[in-house]
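Source file: upload_2.csv; contents: CSV, C-alpha atoms and all ligand atoms.
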chain,number,residue,atom,x,y,z
A,479,LEU,CA,-12.6,35.4,5.7
A,480,ARG,CA,-10.7,38.3,4.2
A,481,SER,CA,-12.9,40.9,2.5
A,482,ALA,CA,-9.9,42.3,0.5
A,483,ARG,CA,-9.5,38.8,-1.0
A,484,LEU,CA,-13.2,38.8,-2.0
A,485,THR,CA,-12.7,42.1,-3.8
A,486,GLU,CA,-9.6,40.8,-5.5
A,487,LEU,CA,-11.5,37.7,-6.8
A,488,GLU,CA,-14.4,39.9,-8.0
A,489,ASN,CA,-12.0,42.1,-9.9
A,490,ARG,CA,-9.9,39.3,-11.4
A,491,TYR,CA,-12.6,36.9,-12.4
A,492,GLY,CA,-15.7,39.2,-12.7
A,493,ILE,CA,-17.6,37.0,-10.3
A,494,GLN,CA,-20.0,37.7,-7.5
A,495,THR,CA,-18.8,37.2,-3.9
A,496,THR,CA,-20.3,37.3,-0.5
A,497,ALA,CA,-19.2,36.8,3.1
A,498,GLU,CA,-22.4,34.8,3.7
A,499,ASN,CA,-22.0,31.1,2.9
A,500,THR,CA,-25.8,30.6,3.1
A,501,GLU,CA,-26.3,33.2,0.4
A,502,VAL,CA,-24.2,31.1,-2.0
A,503,PHE,CA,-25.8,27.9,-0.8
A,504,ASN,CA,-29.3,29.3,-1.5
A,505,ALA,CA,-28.4,30.7,-4.9
A,506,ALA,CA,-26.2,28.0,-6.5
A,507,ASP,CA,-27.0,24.7,-8.2
A,508,VAL,CA,-23.6,23.4,-7.5
A,509,VAL,CA,-21.9,24.2,-4.2
A,510,ILE,CA,-18.2,23.5,-3.8
A,511,LEU,CA,-16.9,23.1,-0.3
A,512,ALA,CA,-13.2,24.1,-0.3
A,513,VAL,CA,-12.5,25.3,3.2
A,514,LYS,CA,-9.9,23.7,5.3
A,515,PRO,CA,-11.1,20.4,6.9
A,516,GLN,CA,-11.0,21.9,10.4
A,517,HIS,CA,-13.5,24.6,9.2
A,518,MET,CA,-16.0,22.2,7.6
A,519,ASP,CA,-18.0,21.5,10.8
A,520,ASN,CA,-18.8,25.2,11.3
A,521,VAL,CA,-19.5,25.9,7.6
A,522,LEU,CA,-21.8,22.8,7.3
A,523,LYS,CA,-23.6,23.7,10.6
A,524,ALA,CA,-24.4,27.2,9.1
A,525,LEU,CA,-25.5,25.7,5.8
A,526,SER,CA,-27.8,23.2,7.5
A,527,GLN,CA,-29.7,26.1,9.0
A,528,ALA,CA,-30.8,27.0,5.5
A,529,LEU,CA,-32.4,23.6,4.9
A,530,PRO,CA,-34.8,22.4,3.6
A,531,GLN,CA,-35.8,25.9,2.3
A,532,ALA,CA,-32.7,26.2,0.2
A,533,LEU,CA,-33.7,23.2,-1.9
A,534,THR,CA,-35.8,24.6,-4.7
A,535,GLY,CA,-34.2,22.1,-7.1
A,536,VAL,CA,-31.3,19.7,-7.2
A,537,LYS,CA,-28.3,21.2,-5.5
A,538,LEU,CA,-25.1,19.3,-6.0
A,539,VAL,CA,-22.6,19.5,-3.1
A,540,ILE,CA,-18.9,18.9,-4.0
A,541,SER,CA,-16.4,18.7,-1.2
A,542,VAL,CA,-12.7,18.8,-1.7
A,543,ALA,CA,-11.9,18.8,2.1
A,544,ALA,CA,-9.1,16.2,2.7
A,545,GLY,CA,-10.0,13.4,5.1
A,546,PHE,CA,-13.6,14.6,5.6
A,547,PRO,CA,-15.9,11.6,4.9
A,548,ILE,CA,-19.2,11.9,3.0
A,549,GLU,CA,-20.9,10.5,6.1
A,550,LYS,CA,-19.8,13.5,8.1
A,551,ILE,CA,-21.3,15.9,5.5
A,552,GLU,CA,-24.5,13.9,5.5
A,553,ARG,CA,-24.6,14.0,9.3
A,554,HIS,CA,-24.7,17.8,9.1
A,555,LEU,CA,-27.0,18.3,6.1
A,556,TYR,CA,-29.4,15.4,6.0
A,557,PRO,CA,-31.2,15.5,9.4
A,558,PRO,CA,-33.6,18.4,8.3
A,559,LEU,CA,-34.4,16.5,5.1
A,560,ASP,CA,-36.9,13.7,4.3
A,561,GLN,CA,-35.8,11.0,1.7
A,562,ASP,CA,-37.1,12.9,-1.3
A,563,ALA,CA,-35.3,16.1,-0.2
A,564,LYS,CA,-32.1,14.2,0.3
A,565,GLY,CA,-32.4,13.2,-3.4
A,566,LEU,CA,-32.2,17.0,-4.1
A,567,LEU,CA,-28.9,17.3,-2.2
A,568,PRO,CA,-26.5,14.7,-3.7
A,569,ILE,CA,-23.0,14.8,-2.3
A,570,VAL,CA,-19.7,14.2,-4.1
A,571,ARG,CA,-16.3,14.0,-2.4
A,572,VAL,CA,-13.1,14.7,-4.3
A,573,MET,CA,-9.5,14.3,-3.6
A,574,PRO,CA,-7.7,16.7,-6.0
A,575,ASN,CA,-4.0,17.6,-6.2
A,576,THR,CA,-2.1,20.8,-6.7
A,577,PRO,CA,-1.1,20.3,-10.4
A,578,ALA,CA,-4.7,21.3,-10.9
A,579,LEU,CA,-3.3,24.8,-10.7
A,580,VAL,CA,-1.6,24.3,-14.1
A,581,LEU,CA,-4.5,22.2,-15.5
A,582,ALA,CA,-2.7,18.9,-14.9
A,583,GLY,CA,-4.6,17.8,-11.9
A,584,MET,CA,-5.4,14.2,-11.0
A,585,ALA,CA,-8.5,13.8,-8.9
A,586,GLY,CA,-10.3,10.9,-7.3
A,587,LEU,CA,-14.0,11.3,-7.0
A,588,SER,CA,-16.6,9.4,-4.8
A,589,ALA,CA,-20.3,9.9,-4.8
A,590,ASN,CA,-23.1,9.1,-2.3
A,591,ASP,CA,-26.2,7.1,-3.2
A,592,PHE,CA,-28.2,10.2,-4.1
A,593,VAL,CA,-25.9,11.2,-7.0
A,594,THR,CA,-27.4,10.3,-10.3
A,595,GLU,CA,-25.6,10.0,-13.7
A,596,THR,CA,-26.5,13.6,-14.5
A,597,GLU,CA,-24.8,15.0,-11.4
A,598,LEU,CA,-21.9,12.6,-11.7
A,599,ARG,CA,-21.4,14.0,-15.2
A,600,ASP,CA,-21.7,17.6,-13.9
A,601,ALA,CA,-19.1,16.9,-11.2
A,602,LYS,CA,-16.7,15.3,-13.6
A,603,THR,CA,-17.1,18.2,-16.1
A,604,ILE,CA,-16.2,20.7,-13.5
A,605,LEU,CA,-13.2,18.8,-12.3
A,606,GLU,CA,-12.0,18.0,-15.8
A,607,ALA,CA,-11.6,21.7,-16.4
A,608,VAL,CA,-8.4,21.3,-14.4
A,609,GLY,CA,-7.2,17.8,-15.2
A,610,ARG,CA,-8.3,14.2,-15.1
A,611,VAL,CA,-10.8,12.4,-12.8
A,612,ILE,CA,-11.4,8.8,-11.8
A,613,GLN,CA,-14.3,7.6,-9.8
A,614,PHE,CA,-13.8,5.4,-6.7
A,615,GLU,CA,-15.6,3.8,-3.8
A,616,GLU,CA,-15.0,6.2,-1.0
A,617,GLU,CA,-12.8,3.8,0.9
A,618,ALA,CA,-10.3,4.0,-1.9
A,619,LEU,CA,-9.8,7.7,-1.4
A,620,HIS,CA,-7.3,6.9,1.3
A,621,ALA,CA,-5.1,5.3,-1.4
A,622,VAL,CA,-5.9,8.1,-3.8
A,623,THR,CA,-4.7,10.6,-1.2
A,624,ALA,CA,-1.5,8.7,-0.6
A,625,ILE,CA,-0.7,8.3,-4.4
A,626,SER,CA,-2.0,11.4,-6.3
A,627,GLY,CA,-3.0,13.7,-3.5
A,628,SER,CA,0.3,13.8,-1.6
A,629,GLY,CA,2.2,12.4,-4.6
A,630,PRO,CA,3.4,15.7,-6.0
A,631,ALA,CA,5.3,16.4,-2.8
A,632,TYR,CA,7.2,13.1,-3.2
A,633,ILE,CA,8.1,14.0,-6.7
A,634,PHE,CA,9.3,17.5,-5.6
A,635,TYR,CA,11.5,15.6,-3.1
A,636,PHE,CA,13.1,13.6,-5.9
A,637,VAL,CA,13.6,16.8,-7.9
A,638,GLU,CA,15.5,18.3,-4.9
A,639,ALA,CA,17.8,15.3,-4.9
A,640,PHE,CA,18.4,15.4,-8.7
A,641,VAL,CA,19.0,19.2,-8.7
A,642,GLU,CA,21.2,19.3,-5.6
A,643,THR,CA,23.4,16.5,-7.0
A,644,GLY,CA,23.5,18.1,-10.5
A,645,ILE,CA,24.8,21.3,-8.9
A,646,ASN,CA,27.3,19.4,-6.8
A,647,LEU,CA,28.6,17.8,-10.0
A,648,GLY,CA,29.2,21.3,-11.4
A,649,LEU,CA,26.0,22.2,-13.3
A,650,ARG,CA,24.2,25.5,-13.0
A,651,PRO,CA,21.0,25.3,-11.0
A,652,SER,CA,18.9,26.2,-14.0
A,653,GLN,CA,20.6,23.5,-16.1
A,654,ALA,CA,20.1,20.9,-13.4
A,655,LEU,CA,16.5,21.8,-13.1
A,656,THR,CA,15.8,21.6,-16.8
A,657,LEU,CA,17.6,18.3,-17.2
A,658,THR,CA,15.6,16.9,-14.2
A,659,LEU,CA,12.2,18.2,-15.3
A,660,GLU,CA,12.6,17.1,-19.0
A,661,THR,CA,13.8,13.7,-17.8
A,662,MET,CA,10.8,13.3,-15.6
A,663,LYS,CA,8.4,14.4,-18.3
A,664,GLY,CA,10.1,12.2,-20.9
A,665,ALA,CA,10.0,9.2,-18.6
A,666,ALA,CA,6.3,9.7,-17.9
A,667,LYS,CA,5.6,10.1,-21.6
A,668,LEU,CA,7.5,7.0,-22.5
A,669,LEU,CA,5.5,5.0,-19.9
A,670,GLU,CA,2.3,6.5,-21.1
A,671,GLU,CA,2.9,6.1,-24.9
A,672,THR,CA,4.6,2.7,-24.9
A,673,ALA,CA,2.3,1.3,-22.2
A,674,GLU,CA,5.3,-0.9,-21.2
A,675,ALA,CA,5.8,-1.9,-17.5
A,676,PRO,CA,8.1,0.5,-15.7
A,677,ALA,CA,10.4,-2.4,-14.7
A,678,GLU,CA,10.7,-3.4,-18.4
A,679,LEU,CA,11.6,0.2,-19.5
A,680,ARG,CA,14.1,0.3,-16.6
A,681,LYS,CA,15.8,-2.9,-17.7
A,682,LYS,CA,16.0,-1.6,-21.2
A,683,VAL,CA,18.1,1.4,-20.1
A,684,THR,CA,20.3,-0.6,-17.7
A,685,SER,CA,23.3,-2.2,-19.4
A,686,LYS,CA,25.5,-4.6,-17.5
A,687,GLY,CA,28.3,-2.7,-15.9
A,688,GLY,CA,27.0,0.7,-17.0
A,689,THR,CA,26.2,4.0,-15.4
A,690,THR,CA,22.5,3.3,-14.8
A,691,GLU,CA,23.3,0.0,-13.2
A,692,ALA,CA,25.7,1.7,-10.8
A,693,ALA,CA,22.9,4.0,-9.6
A,694,LEU,CA,20.3,1.4,-9.4
A,695,THR,CA,22.6,-0.9,-7.4
A,696,VAL,CA,22.9,1.9,-4.7
A,697,LEU,CA,19.1,2.4,-4.7
A,698,GLU,CA,18.6,-1.4,-4.2
A,699,GLN,CA,21.3,-1.6,-1.5
A,700,HIS,CA,19.5,1.1,0.5
A,701,GLY,CA,16.1,-0.4,0.0
A,702,VAL,CA,14.8,2.8,-1.5
A,703,LYS,CA,11.8,1.2,-3.1
A,704,GLU,CA,10.7,-0.5,0.2
A,705,HIS,CA,11.1,2.9,2.0
A,706,LEU,CA,9.1,4.6,-0.6
A,707,LYS,CA,6.3,2.0,-0.2
A,708,GLU,CA,6.4,2.6,3.5
A,709,ALA,CA,6.2,6.4,3.0
A,710,ILE,CA,3.1,6.0,0.7
A,711,ARG,CA,1.5,3.6,3.2
A,712,ALA,CA,2.1,6.1,6.0
A,713,ALA,CA,0.1,8.8,4.0
A,714,ALA,CA,-2.8,6.3,3.5
A,715,GLU,CA,-2.7,5.5,7.3
A,716,ARG,CA,-2.7,9.1,8.2
A,717,SER,CA,-5.7,9.7,5.9
A,718,VAL,CA,-7.6,6.9,7.7
A,719,ALA,CA,-6.7,8.4,11.1
A,720,LEU,CA,-7.7,12.0,10.1
A,721,GLY,CA,-11.1,10.7,8.8
A,722,GLN,CA,-11.8,9.1,12.1
A,723,MET,CA,-11.1,12.2,14.2
A,724,GLU,CA,-14.3,13.9,15.5
B,1,LIG,N1,-4.0,22.0,-1.7
B,1,LIG,C1,-4.2,20.7,-2.1
B,1,LIG,O1,-3.5,20.1,-2.8
B,1,LIG,C2,-5.4,20.0,-1.7
B,1,LIG,C3,-5.5,18.6,-2.1
B,1,LIG,C4,-6.7,17.9,-1.7
B,1,LIG,C5,-7.6,18.6,-0.9
B,1,LIG,N2,-7.4,19.9,-0.6
B,1,LIG,C6,-8.5,20.5,0.2
B,1,LIG,O2,-8.9,21.7,-0.3
B,1,LIG,C7,-9.3,22.6,0.7
B,1,LIG,C8,-8.7,23.9,0.5
B,1,LIG,O3,-7.3,23.8,0.7
B,1,LIG,P1,-6.4,25.0,0.3
B,1,LIG,O4,-5.0,24.5,0.5
B,1,LIG,O5,-6.8,25.6,-0.9
B,1,LIG,O6,-6.7,26.0,1.6
B,1,LIG,P2,-6.7,27.6,1.6
B,1,LIG,O7,-5.8,28.1,0.6
B,1,LIG,O8,-6.6,28.0,3.1
B,1,LIG,O9,-8.2,27.9,1.1
B,1,LIG,C9,-9.3,27.9,2.0
B,1,LIG,C10,-10.3,29.0,1.4
B,1,LIG,O10,-11.4,28.9,2.3
B,1,LIG,C11,-11.8,30.3,2.6
B,1,LIG,N3,-12.5,30.2,3.9
B,1,LIG,C12,-12.0,30.2,5.1
B,1,LIG,N4,-12.9,30.1,6.1
B,1,LIG,C13,-14.1,30.1,5.4
B,1,LIG,C14,-15.5,30.1,5.8
B,1,LIG,N5,-15.8,30.0,7.0
B,1,LIG,N6,-16.4,30.2,4.8
B,1,LIG,C15,-16.0,30.3,3.5
B,1,LIG,N7,-14.8,30.3,3.1
B,1,LIG,C16,-13.8,30.3,4.0
B,1,LIG,C17,-10.5,31.0,2.7
B,1,LIG,O11,-10.7,32.4,2.5
B,1,LIG,P3,-9.6,33.5,2.8
B,1,LIG,O12,-8.6,33.4,1.7
B,1,LIG,O13,-10.3,34.7,2.9
B,1,LIG,O14,-8.9,33.1,4.1
B,1,LIG,C18,-9.7,30.4,1.5
B,1,LIG,O15,-10.0,31.0,0.3
B,1,LIG,C19,-9.0,21.9,2.0
B,1,LIG,O16,-10.2,21.3,2.5
B,1,LIG,C20,-8.0,20.8,1.6
B,1,LIG,O17,-8.1,19.7,2.5
B,1,LIG,C21,-6.4,20.6,-0.9
Write the structure described by the file as structure tokens, please.
Amino acid sequence: LRSARLTELENRYGIQTTAENTEVFNAADVVILAVKPQHMDNVLKALSQALPQALTGVKLVISVAAGFPIEKIERHLYPPLDQDAKGLLPIVRVMPNTPALVLAGMAGLSANDFVTETELRDAKTILEAVGRVIQFEEEALHAVTAISGSGPAYIFYFVEAFVETGINLGLRPSQALTLTLETMKGAAKLLEETAEAPAELRKKVTSKGGTTEAALTVLEQHGVKEHLKEAIRAAAERSVALGQME
């Protein structure tokens, strides 16, 4: 933990900070766990020391740690608690993504049995400050991880290909980037606003013998869609494996 960073956060956001996690845990009604997954065990171990005394009312725990199942959080925090006290410590797990940094996040959320409608609403309100939220059964968070969690990186990869080719074809880097980004945003908007299937929209812009068809033929020949599916499945499988690691 870097104390200089705490001071920076205090100054920038006018918030209180502390190097003691239990201090935050005792004081807050909503506790967001956003440390790296490999630090979660240690952090949770320390928090469990403050239980059950820390529970003066409902304390909603929201974890964003990737691949860290709710059951593992429960295993740390619930042993010192009886059934009623567990009801005061509902747990929500979230798979966010980095576009949250520009308020365009897409998060998957999953709740344990102690989460009531009120806390679910609170969790969603917090997450909706930086984008959209959909609730899932926890098992589906592997798929969420593979699609929206890791998804921005796949898109960046496509952007690299578009921009590099644009430059090779003689465009300036800034021009290639603008053309690429506006095309991606436009395509996304068209999908959203027409609600047409992507394959339909694709067929509409692909005339026989035309330029788009020339490109799509190469994509088909190289099995790009199949490879992409394989890549997304690999992310989901990795998510399952990480969740099983002790
Ligand atoms: N980035 C994503 O797109 C994404 C997506 C889904 C889930 N997540 C999850 O979000 C979490 C954070 O990821 P990140 O990329 O934001 O990591 P990060 O930049 O390393 O942030 C981790 C933060 O935790 C602080 N920290 C470290 N040890 C701590 C401790 N013992 N007690 C309290 N705070 C501590 C760090 O403080 P210092 O700055 O002082 O080191 C840092 O501010 C991870 O669990 C990750 O799996 C991230």
For a quick check of your reading of the model, name the residues lying within 10 Å of the coordinate (-11.5, 18.7, -14.9), counting all atoms listed in the file, and write them as a list in words.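 Checked against the point, the hits come out as Pro574, Ala578, Leu581, Ala582, Gly583, Met584, Ala585, Ala601, Lys602, Thr603, Ile604, Leu605, Glu606, Ala607, Val608, Gly609, Arg610 and Val611 of chain A.
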Take the selection from the previous step and output its residues with C-alpha atoms, as a JSON list (two decimals), in the coordinates of the input.
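So the final result, stored in again.json, reads:
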[["chain", "number", "residue", "atom", "x", "y", "z"],
["A", 574, "PRO", "CA", -7.70, 16.70, -6.00],
["A", 578, "ALA", "CA", -4.70, 21.30, -10.90],
["A", 581, "LEU", "CA", -4.50, 22.20, -15.50],
["A", 582, "ALA", "CA", -2.70, 18.90, -14.90],
["A", 583, "GLY", "CA", -4.60, 17.80, -11.90],
["A", 584, "MET", "CA", -5.40, 14.20, -11.00],
["A", 585, "ALA", "CA", -8.50, 13.80, -8.90],
["A", 601, "ALA", "CA", -19.10, 16.90, -11.20],
["A", 602, "LYS", "CA", -16.70, 15.30, -13.60],
["A", 603, "THR", "CA", -17.10, 18.20, -16.10],
["A", 604, "ILE", "CA", -16.20, 20.70, -13.50],
["A", 605, "LEU", "CA", -13.20, 18.80, -12.30],
["A", 606, "GLU", "CA", -12.00, 18.00, -15.80],
["A", 607, "ALA", "CA", -11.60, 21.70, -16.40],
["A", 608, "VAL", "CA", -8.40, 21.30, -14.40],
["A", 609, "GLY", "CA", -7.20, 17.80, -15.20],
["A", 610, "ARG", "CA", -8.30, 14.20, -15.10],
["A", 611, "VAL", "CA", -10.80, 12.40, -12.80]]
If I take atom N7 of ligand LIG 1 (chain B) and CA of Met518 (chain A), how far is one from the other in Å, to one decimal?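 Those two atoms sit 9.3 Å apart.
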Excluding Ser481 (chain A) and its own-chain neighbours fewer than 6 positions away, which residues fall within 12 Å of it when counting all atoms listed in the file? Please give them as a PyMOL selection string. chain A and resi 487-488+495-498
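With only C-alpha atoms taken into account, the protein and nucleic acid residues at most 10 Å from Glu617 (chain A) (excluding it and anything under 4 positions from it in its own chain) are Pro547, Ser588, Ala621, Val622 and Val718 of chain A.
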What does the distance from atom C11 of ligand LIG 1 (chain B) to CA of Lys564 (chain A) come to in Å, to one decimal?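 Going from atom C11 of ligand LIG 1 (chain B) over to CA of Lys564 (chain A) covers 26.0 Å.
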Around ligand LIG 1 (chain B), at most 8 Å away and counting all atoms listed in the file, which residues are there? Put them as a ChimeraX atom specification, please. /A:479-484,497-499,511-518,520-521,541-545,572-577,623,627-628
List the spatial neighbours of Ile569 (chain A) as an mmCIF file with C-alpha atoms, keeping the file's coordinate frame - criterion: any atom at most 10 Å away, only C-alpha atoms, same-chain residues fewer than 5 positions off excluded.
data_model
loop_
_atom_site.group_PDB
_atom_site.id
_atom_site.type_symbol
_atom_site.label_atom_id
_atom_site.label_comp_id
_atom_site.auth_asym_id
_atom_site.auth_seq_id
_atom_site.Cartn_x
_atom_site.Cartn_y
_atom_site.Cartn_z
ATOM 1 C CA VAL A 509 -21.900 24.200 -4.200
ATOM 2 C CA LYS A 537 -28.300 21.200 -5.500
ATOM 3 C CA LEU A 538 -25.100 19.300 -6.000
ATOM 4 C CA VAL A 539 -22.600 19.500 -3.100
ATOM 5 C CA ILE A 540 -18.900 18.900 -4.000
ATOM 6 C CA SER A 541 -16.400 18.700 -1.200
ATOM 7 C CA ILE A 548 -19.200 11.900 3.000
ATOM 8 C CA GLU A 549 -20.900 10.500 6.100
ATOM 9 C CA ILE A 551 -21.300 15.900 5.500
ATOM 10 C CA GLU A 552 -24.500 13.900 5.500
ATOM 11 C CA LEU A 555 -27.000 18.300 6.100
ATOM 12 C CA LYS A 564 -32.100 14.200 0.300
ATOM 13 C CA SER A 588 -16.600 9.400 -4.800
ATOM 14 C CA ALA A 589 -20.300 9.900 -4.800
ATOM 15 C CA ASN A 590 -23.100 9.100 -2.300
ATOM 16 C CA ASP A 591 -26.200 7.100 -3.200
ATOM 17 C CA PHE A 592 -28.200 10.200 -4.100
ATOM 18 C CA VAL A 593 -25.900 11.200 -7.000
ATOM 19 C CA GLU A 597 -24.800 15.000 -11.400
ATOM 20 C CA LEU A 598 -21.900 12.600 -11.700
ATOM 21 C CA ALA A 601 -19.100 16.900 -11.200
#
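The spacing separating CA of Pro530 (chain A) from CA of Val502 (chain A) amounts to 14.8 Å.
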Residue list as a list in words for point (-31.9, 25.7, -5.8), cut-off 6 Å, all atoms listed in the file: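 Here the neighbourhood of the point contains Asp507, Leu533, Thr534, Gly535 and Lys537 of chain A.
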Saved selection, atoms kept: C-alpha atoms, as an mmCIF file, in the frame of the given file:
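Result went into selection35.cif, see below:
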data_model
loop_
_atom_site.group_PDB
_atom_site.id
_atom_site.type_symbol
_atom_site.label_atom_id
_atom_site.label_comp_id
_atom_site.auth_asym_id
_atom_site.auth_seq_id
_atom_site.Cartn_x
_atom_site.Cartn_y
_atom_site.Cartn_z
ATOM 1 C CA ASP A 507 -27.000 24.700 -8.200
ATOM 2 C CA LEU A 533 -33.700 23.200 -1.900
ATOM 3 C CA THR A 534 -35.800 24.600 -4.700
ATOM 4 C CA GLY A 535 -34.200 22.100 -7.100
ATOM 5 C CA LYS A 537 -28.300 21.200 -5.500
#
Quick one: residues within 10 Å of region 636-645 of chain A, only C-alpha atoms, excluding same-chain residues fewer than 4 positions away - as a ChimeraX atom specification? /A:630-632,649-659,662
Closest contacts (region 616-674 of chain A/region 680-703 of chain A, max 12 Å, all atoms listed in the file) as JSON lines:
{"residue": "A:Phe636", "atom": "CA", "partner": "A:Val702", "partner_atom": "CA", "distance": 11.8}
{"residue": "A:Ala665", "atom": "CA", "partner": "A:Arg680", "partner_atom": "CA", "distance": 10.0}
{"residue": "A:Leu668", "atom": "CA", "partner": "A:Arg680", "partner_atom": "CA", "distance": 11.1}
{"residue": "A:Leu669", "atom": "CA", "partner": "A:Arg680", "partner_atom": "CA", "distance": 10.3}
{"residue": "A:Glu674", "atom": "CA", "partner": "A:Arg680", "partner_atom": "CA", "distance": 10.0}
Take region 597-614 of chain A from the preceding structure and save N, CA, C and O atoms as a PDB file, in the first residue's frame.
ATOM      1  N   GLU A 597     -30.421  -4.146  -1.063  1.00  0.00           N
ATOM      2  CA  GLU A 597     -28.972  -4.138  -1.285  1.00  0.00           C
ATOM      3  C   GLU A 597     -28.625  -4.343  -2.756  1.00  0.00           C
ATOM      4  O   GLU A 597     -27.646  -3.784  -3.251  1.00  0.00           O
ATOM      5  N   LEU A 598     -29.476  -5.112  -3.424  1.00  0.00           N
ATOM      6  CA  LEU A 598     -29.255  -5.324  -4.852  1.00  0.00           C
ATOM      7  C   LEU A 598     -29.362  -3.986  -5.583  1.00  0.00           C
ATOM      8  O   LEU A 598     -28.540  -3.654  -6.452  1.00  0.00           O
ATOM      9  N   ARG A 599     -30.372  -3.217  -5.174  1.00  0.00           N
ATOM     10  CA  ARG A 599     -30.566  -1.900  -5.787  1.00  0.00           C
ATOM     11  C   ARG A 599     -29.374  -0.992  -5.483  1.00  0.00           C
ATOM     12  O   ARG A 599     -28.873  -0.280  -6.344  1.00  0.00           O
ATOM     13  N   ASP A 600     -28.917  -1.035  -4.227  1.00  0.00           N
ATOM     14  CA  ASP A 600     -27.755  -0.214  -3.842  1.00  0.00           C
ATOM     15  C   ASP A 600     -26.539  -0.572  -4.687  1.00  0.00           C
ATOM     16  O   ASP A 600     -25.832   0.298  -5.199  1.00  0.00           O
ATOM     17  N   ALA A 601     -26.297  -1.884  -4.827  1.00  0.00           N
ATOM     18  CA  ALA A 601     -25.126  -2.340  -5.592  1.00  0.00           C
ATOM     19  C   ALA A 601     -25.240  -1.871  -7.042  1.00  0.00           C
ATOM     20  O   ALA A 601     -24.281  -1.362  -7.625  1.00  0.00           O
ATOM     21  N   LYS A 602     -26.460  -2.022  -7.606  1.00  0.00           N
ATOM     22  CA  LYS A 602     -26.649  -1.620  -9.001  1.00  0.00           C
ATOM     23  C   LYS A 602     -26.467  -0.105  -9.162  1.00  0.00           C
ATOM     24  O   LYS A 602     -25.875   0.357 -10.131  1.00  0.00           O
ATOM     25  N   THR A 603     -26.980   0.650  -8.190  1.00  0.00           N
ATOM     26  CA  THR A 603     -26.852   2.112  -8.266  1.00  0.00           C
ATOM     27  C   THR A 603     -25.381   2.520  -8.286  1.00  0.00           C
ATOM     28  O   THR A 603     -24.971   3.378  -9.078  1.00  0.00           O
ATOM     29  N   ILE A 604     -24.598   1.882  -7.433  1.00  0.00           N
ATOM     30  CA  ILE A 604     -23.169   2.207  -7.386  1.00  0.00           C
ATOM     31  C   ILE A 604     -22.512   1.882  -8.729  1.00  0.00           C
ATOM     32  O   ILE A 604     -21.794   2.695  -9.310  1.00  0.00           O
ATOM     33  N   LEU A 605     -22.808   0.695  -9.241  1.00  0.00           N
ATOM     34  CA  LEU A 605     -22.158   0.274 -10.495  1.00  0.00           C
ATOM     35  C   LEU A 605     -22.654   1.075 -11.690  1.00  0.00           C
ATOM     36  O   LEU A 605     -21.905   1.339 -12.629  1.00  0.00           O
ATOM     37  N   GLU A 606     -23.931   1.473 -11.648  1.00  0.00           N
ATOM     38  CA  GLU A 606     -24.487   2.217 -12.773  1.00  0.00           C
ATOM     39  C   GLU A 606     -23.907   3.626 -12.886  1.00  0.00           C
ATOM     40  O   GLU A 606     -24.085   4.289 -13.907  1.00  0.00           O
ATOM     41  N   ALA A 607     -23.183   4.038 -11.844  1.00  0.00           N
ATOM     42  CA  ALA A 607     -22.498   5.338 -11.930  1.00  0.00           C
ATOM     43  C   ALA A 607     -21.427   5.304 -13.017  1.00  0.00           C
ATOM     44  O   ALA A 607     -21.018   6.343 -13.531  1.00  0.00           O
ATOM     45  N   VAL A 608     -20.967   4.107 -13.388  1.00  0.00           N
ATOM     46  CA  VAL A 608     -19.902   4.016 -14.405  1.00  0.00           C
ATOM     47  C   VAL A 608     -20.292   3.141 -15.597  1.00  0.00           C
ATOM     48  O   VAL A 608     -19.431   2.698 -16.354  1.00  0.00           O
ATOM     49  N   GLY A 609     -21.578   2.886 -15.770  1.00  0.00           N
ATOM     50  CA  GLY A 609     -21.981   2.100 -16.942  1.00  0.00           C
ATOM     51  C   GLY A 609     -23.217   1.267 -16.690  1.00  0.00           C
ATOM     52  O   GLY A 609     -24.046   1.612 -15.853  1.00  0.00           O
ATOM     53  N   ARG A 610     -23.328   0.161 -17.421  1.00  0.00           N
ATOM     54  CA  ARG A 610     -24.515  -0.684 -17.305  1.00  0.00           C
ATOM     55  C   ARG A 610     -24.221  -1.928 -16.473  1.00  0.00           C
ATOM     56  O   ARG A 610     -23.072  -2.351 -16.343  1.00  0.00           O
ATOM     57  N   VAL A 611     -25.284  -2.522 -15.925  1.00  0.00           N
ATOM     58  CA  VAL A 611     -25.150  -3.692 -15.068  1.00  0.00           C
ATOM     59  C   VAL A 611     -26.214  -4.713 -15.421  1.00  0.00           C
ATOM     60  O   VAL A 611     -27.370  -4.351 -15.638  1.00  0.00           O
ATOM     61  N   ILE A 612     -25.826  -5.973 -15.484  1.00  0.00           N
ATOM     62  CA  ILE A 612     -26.806  -7.047 -15.661  1.00  0.00           C
ATOM     63  C   ILE A 612     -26.552  -8.072 -14.567  1.00  0.00           C
ATOM     64  O   ILE A 612     -25.393  -8.396 -14.267  1.00  0.00           O
ATOM     65  N   GLN A 613     -27.645  -8.598 -13.977  1.00  0.00           N
ATOM     66  CA  GLN A 613     -27.494  -9.605 -12.926  1.00  0.00           C
ATOM     67  C   GLN A 613     -27.466 -11.014 -13.531  1.00  0.00           C
ATOM     68  O   GLN A 613     -28.187 -11.310 -14.487  1.00  0.00           O
ATOM     69  N   PHE A 614     -26.610 -11.868 -12.955  1.00  0.00           N
ATOM     70  CA  PHE A 614     -26.464 -13.251 -13.425  1.00  0.00           C
ATOM     71  C   PHE A 614     -26.379 -14.215 -12.251  1.00  0.00           C
ATOM     72  O   PHE A 614     -26.037 -13.816 -11.135  1.00  0.00           O
TER      73      PHE A 614
END
